[in-house]
2 protein chains.
Amino acid sequence: MVRKTKEDAELTRRRIIEAARAVFLARGVSRSTLEHIASHAEVTRGAVYWHFKNKTEIFHAIREQVFLPLIDRMDDTLTVQGNEDPLTQIENSLCDTINELNENIEMRQTYEIMMIKCEYVDEFATVLQQILSNCSHITEKIQLAYERAEAQQLLIGKNSPRTLAVDTHLFFSGLLHMWVKDFDGSRFRFQATDLIKSHINLRRK
Amino acid sequence: MVRKTKEDAELTRRRIIEAARAVFLARGVSRSTLEHIASHAEVTRGAVYWHFKNKTEIFHAIREQVFLPLIDRMDDTLTVQGNEDPLTQIENSLCDTINELNENIEMRQTYEIMMIKCEYVDEFATVLQQILSNCSHITEKIQLAYERAEAQQLLIGKNSPRTLAVDTHLFFSGLLHMWVKDFDGSRFRFQATDLIKSHINLRRK
DNA sequence: TTATATACAAACAAACATGTATGTATATAG
DNA sequence: CTATATACATACATGTTTGTTTGTATATAA
């Protein structure tokens with residue numbers, strides 16, 4: 001059988017992406033061959049080359065499928081004015097992301113691939129730029145929330161919102177890294193939300 | 001020429017390690033071949049295979065050459081009783097590490113390789129365990145310092161030394177990651193020590 | 001109904017990397 | 001002084017991966 005309908009083709013495309021995620025996770029991006037991916041998706045390399053130019057394109061497809069929605073989501077929970085105070089808003093935003101990682105297998109796997117199963121050289125080096133860009137974007141959103149908190153006199157001490165935001169971002173960045181490396185979940189995974197709450201409470205008056 | 005003296009041999013061994021570090025940094029561990037490393041060290045693959053079983057062994061050699069001393073050092077600055085208060089001790093320990101990264105090129109490169117130029121799968125997966133182990137070890141040392149700080153009533157708020165230690169460790173972990181990714185130094189590298197000081201000051205009464 | 005573009009499968013060729021086997025000059029032990 | 005182990009260089013054989021090319025069945029447009 002060949003030449004499926006358009007929906008069939010789109011389905012194989014998604015199956016290839018899905019397979020690539022599993023293979024990348026198991027063998028690392030570099031050691032994953034297109035043959036690995038193809039056979040895991042139960043197609044031939046011909047199908048893979050039909051849908052993607054090469055391995056790098058599959059990598060980017062996986063990344064965009066998961067990260068773009070995540071950024072948007074963090075944006076929303078940080079920006080939209082709810083009835084919570086700004087500090088709780090930051091807390092919820094971070095906890096939401098952790099919950100999403102706990103529940104969304106694809107996102108968890110993608111995170112793991114990006115953090116410890118990929119080498120950022122050559123074609124992949126550009127991703128680092130994007131990561132840095134996303135990070136500073138998120139940090140700015142957090143900073144805005146801290147500024148609102150400062151205006152409402154919710155903050156302890158005399159630290160600037162900027163400093164607090166960078167500190168929070170670095171904390172969360174470290175947490176995510178540890179969360180991923182903590183394969184059995186004993187050290188960080190189960191306590192992540194508690195750690196976030198403590199982190200925020202440190203700033204509360 | 002062949003069959004050098006013992007010192008000559010040790011020198012080529014070190015030159016191979018040095019070359020491997022440069023090559024790993026430029027091409028990532030996976031894409032680096034023993035031929036790349038050999039030619040960069042101005043020897044043949046024969047020499048490489050004489051000194052090392054394979055690429056993985058070179059990787060571990062690089063890692064141990066830099067990380068083991070670093071752990072010891074952090075241990076010392078955190079444990080040895082100086083005339084500073086415990087919080088300053090933590091601050092200095094973290095700043096010391098950053099300074100070391102600034103001054104010690106080999107250490108900086110090694111960090112970069114381990115963080116964003118290596119895929120932790122198969123033979124490399126065991127390294128993750130070691131990293132986790134080192135991290136919890138350092139966190140414990142920080143916790144001890146926070147306990148001393150608590151005993152001396154230096155701490156603000158009601159957070160447990162354990163929580164503070166984990167928070168500090170995650171912050172520092174995130175900082176190191178960003179420090180490495182921040183290739184032009186504009187975002188984190190130049191402000192790292194300031195960020196550390198702010199982080200510690202958040203806890204000071 | 002027929003022509004064509006689509007969605008692959010299968011085959012091919014070239015480059016590359018690895019490990020090993022072999023050769024060899026020389027430091028060093030006896 | 002000689003034998004041997006050392007410290008490599010060179011050559012080879014093999015497996016792997018990649019990109020491309022070719023073949024082909026069929027959905028779809030005309």
# chains A, B, ... in the order shown; residues from 1 in each chain; ligands from 1

$ interface_residues --of "chain A" --to "chain D" --cutoff "12 Å" --atoms "only C-alpha atoms (C1' of nucleotides)" --output "VMD selection string"
chain A and resid 1 to 9 30 to 36 45 to 46 49 53 to 55

$ closest_atom_pairs --of "chain A" --to "chain B" --cutoff "8 Å" --atoms "only C-alpha atoms" --output "Markdown table"
| residue | atom | partner | partner_atom | distance |
| --- | --- | --- | --- | --- |
| A:Ala26 | CA | B:Val121 | CA | 7.2 |
| A:Arg27 | CA | B:Val121 | CA | 6.0 |
| A:Gly28 | CA | B:Glu119 | CA | 5.9 |
| A:Val29 | CA | B:Glu119 | CA | 7.7 |
| A:Ser30 | CA | B:Ser30 | CA | 6.2 |
| A:Arg31 | CA | B:Ser30 | CA | 7.6 |
| A:Met115 | CA | B:Ile116 | CA | 7.7 |
| A:Ile116 | CA | B:Glu119 | CA | 5.5 |
| A:Lys117 | CA | B:Glu119 | CA | 4.3 |
| A:Cys118 | CA | B:Glu119 | CA | 5.3 |
| A:Glu119 | CA | B:Lys117 | CA | 4.3 |
| A:Tyr120 | CA | B:Ile116 | CA | 5.6 |
| A:Val121 | CA | B:Arg27 | CA | 6.0 |
| A:Asp122 | CA | B:Arg27 | CA | 7.3 |
| A:Leu128 | CA | B:Lys181 | CA | 6.8 |
| A:Leu132 | CA | B:Asp182 | CA | 7.5 |
| A:Gly157 | CA | B:Leu202 | CA | 7.2 |
| A:Asn159 | CA | B:Ser198 | CA | 7.5 |
| A:Thr163 | CA | B:Leu195 | CA | 7.2 |
| A:Val166 | CA | B:Leu195 | CA | 8.0 |
| A:Asp167 | CA | B:His199 | CA | 6.7 |
| A:Thr168 | CA | B:Phe171 | CA | 7.7 |
| A:Leu170 | CA | B:Gly174 | CA | 4.6 |
| A:Phe171 | CA | B:Phe171 | CA | 4.0 |
| A:Phe172 | CA | B:Gly174 | CA | 7.3 |
| A:Ser173 | CA | B:Gly174 | CA | 5.0 |
| A:Gly174 | CA | B:Gly174 | CA | 3.9 |
| A:Leu175 | CA | B:Leu170 | CA | 5.7 |
| A:His177 | CA | B:Gly174 | CA | 7.8 |
| A:Met178 | CA | B:Leu170 | CA | 8.0 |
| A:Lys181 | CA | B:Leu128 | CA | 6.8 |
| A:Asp182 | CA | B:Leu132 | CA | 7.5 |
| A:Leu195 | CA | B:Asp167 | CA | 7.2 |
| A:Ser198 | CA | B:Thr163 | CA | 7.2 |
| A:His199 | CA | B:Asp167 | CA | 6.7 |
| A:Leu202 | CA | B:Gly157 | CA | 7.2 |
| A:Arg203 | CA | B:Leu202 | CA | 7.7 |

$ interface_residues --of "chain C" --to "chain A" --cutoff "9 Å" --atoms "only C-alpha atoms (C1' of nucleotides)" --output "ChimeraX atom specification"
/C:6-10

$ write_last_selection --atoms "C-alpha atoms (C1' of nucleotides)" --output "short mmCIF file (atom, residue, chain, number, x, y, z; two decimals), in the first residue's frame"
data_model
loop_
_atom_site.label_atom_id
_atom_site.label_comp_id
_atom_site.auth_asym_id
_atom_site.auth_seq_id
_atom_site.Cartn_x
_atom_site.Cartn_y
_atom_site.Cartn_z
"C1'" DT C 6 1.37 12.26 -4.04
"C1'" DA C 7 3.09 9.16 -0.43
"C1'" DC C 8 5.70 6.27 0.28
"C1'" DA C 9 9.11 1.54 -0.33
"C1'" DA C 10 13.29 -0.36 -1.97
#

$ atom_distance --atom1 "CA of Thr139 in chain A" --atom2 "CA of Thr56 in chain A"
28.4 Å

$ select_by_dssp --residues "range 54-134 of chain B" --states "helix (DSSP H, G or I)" --output "VMD selection string"
chain B and resid 55 to 79 86 to 103 105 to 116 122 to 134

$ closest_residue --among "A:Arg15, A:Arg63, A:Arg148, A:Arg73" --to "Asp85 in chain A" --atoms "only C-alpha atoms"
A:Arg148

$ atom_distance --atom1 "CA of Asp184 in chain B" --atom2 "CA of Thr97 in chain B"
19.2 Å

$ atom_distance --atom1 "CA of Glu10 in chain A" --atom2 "CA of Val66 in chain A"
17.8 Å
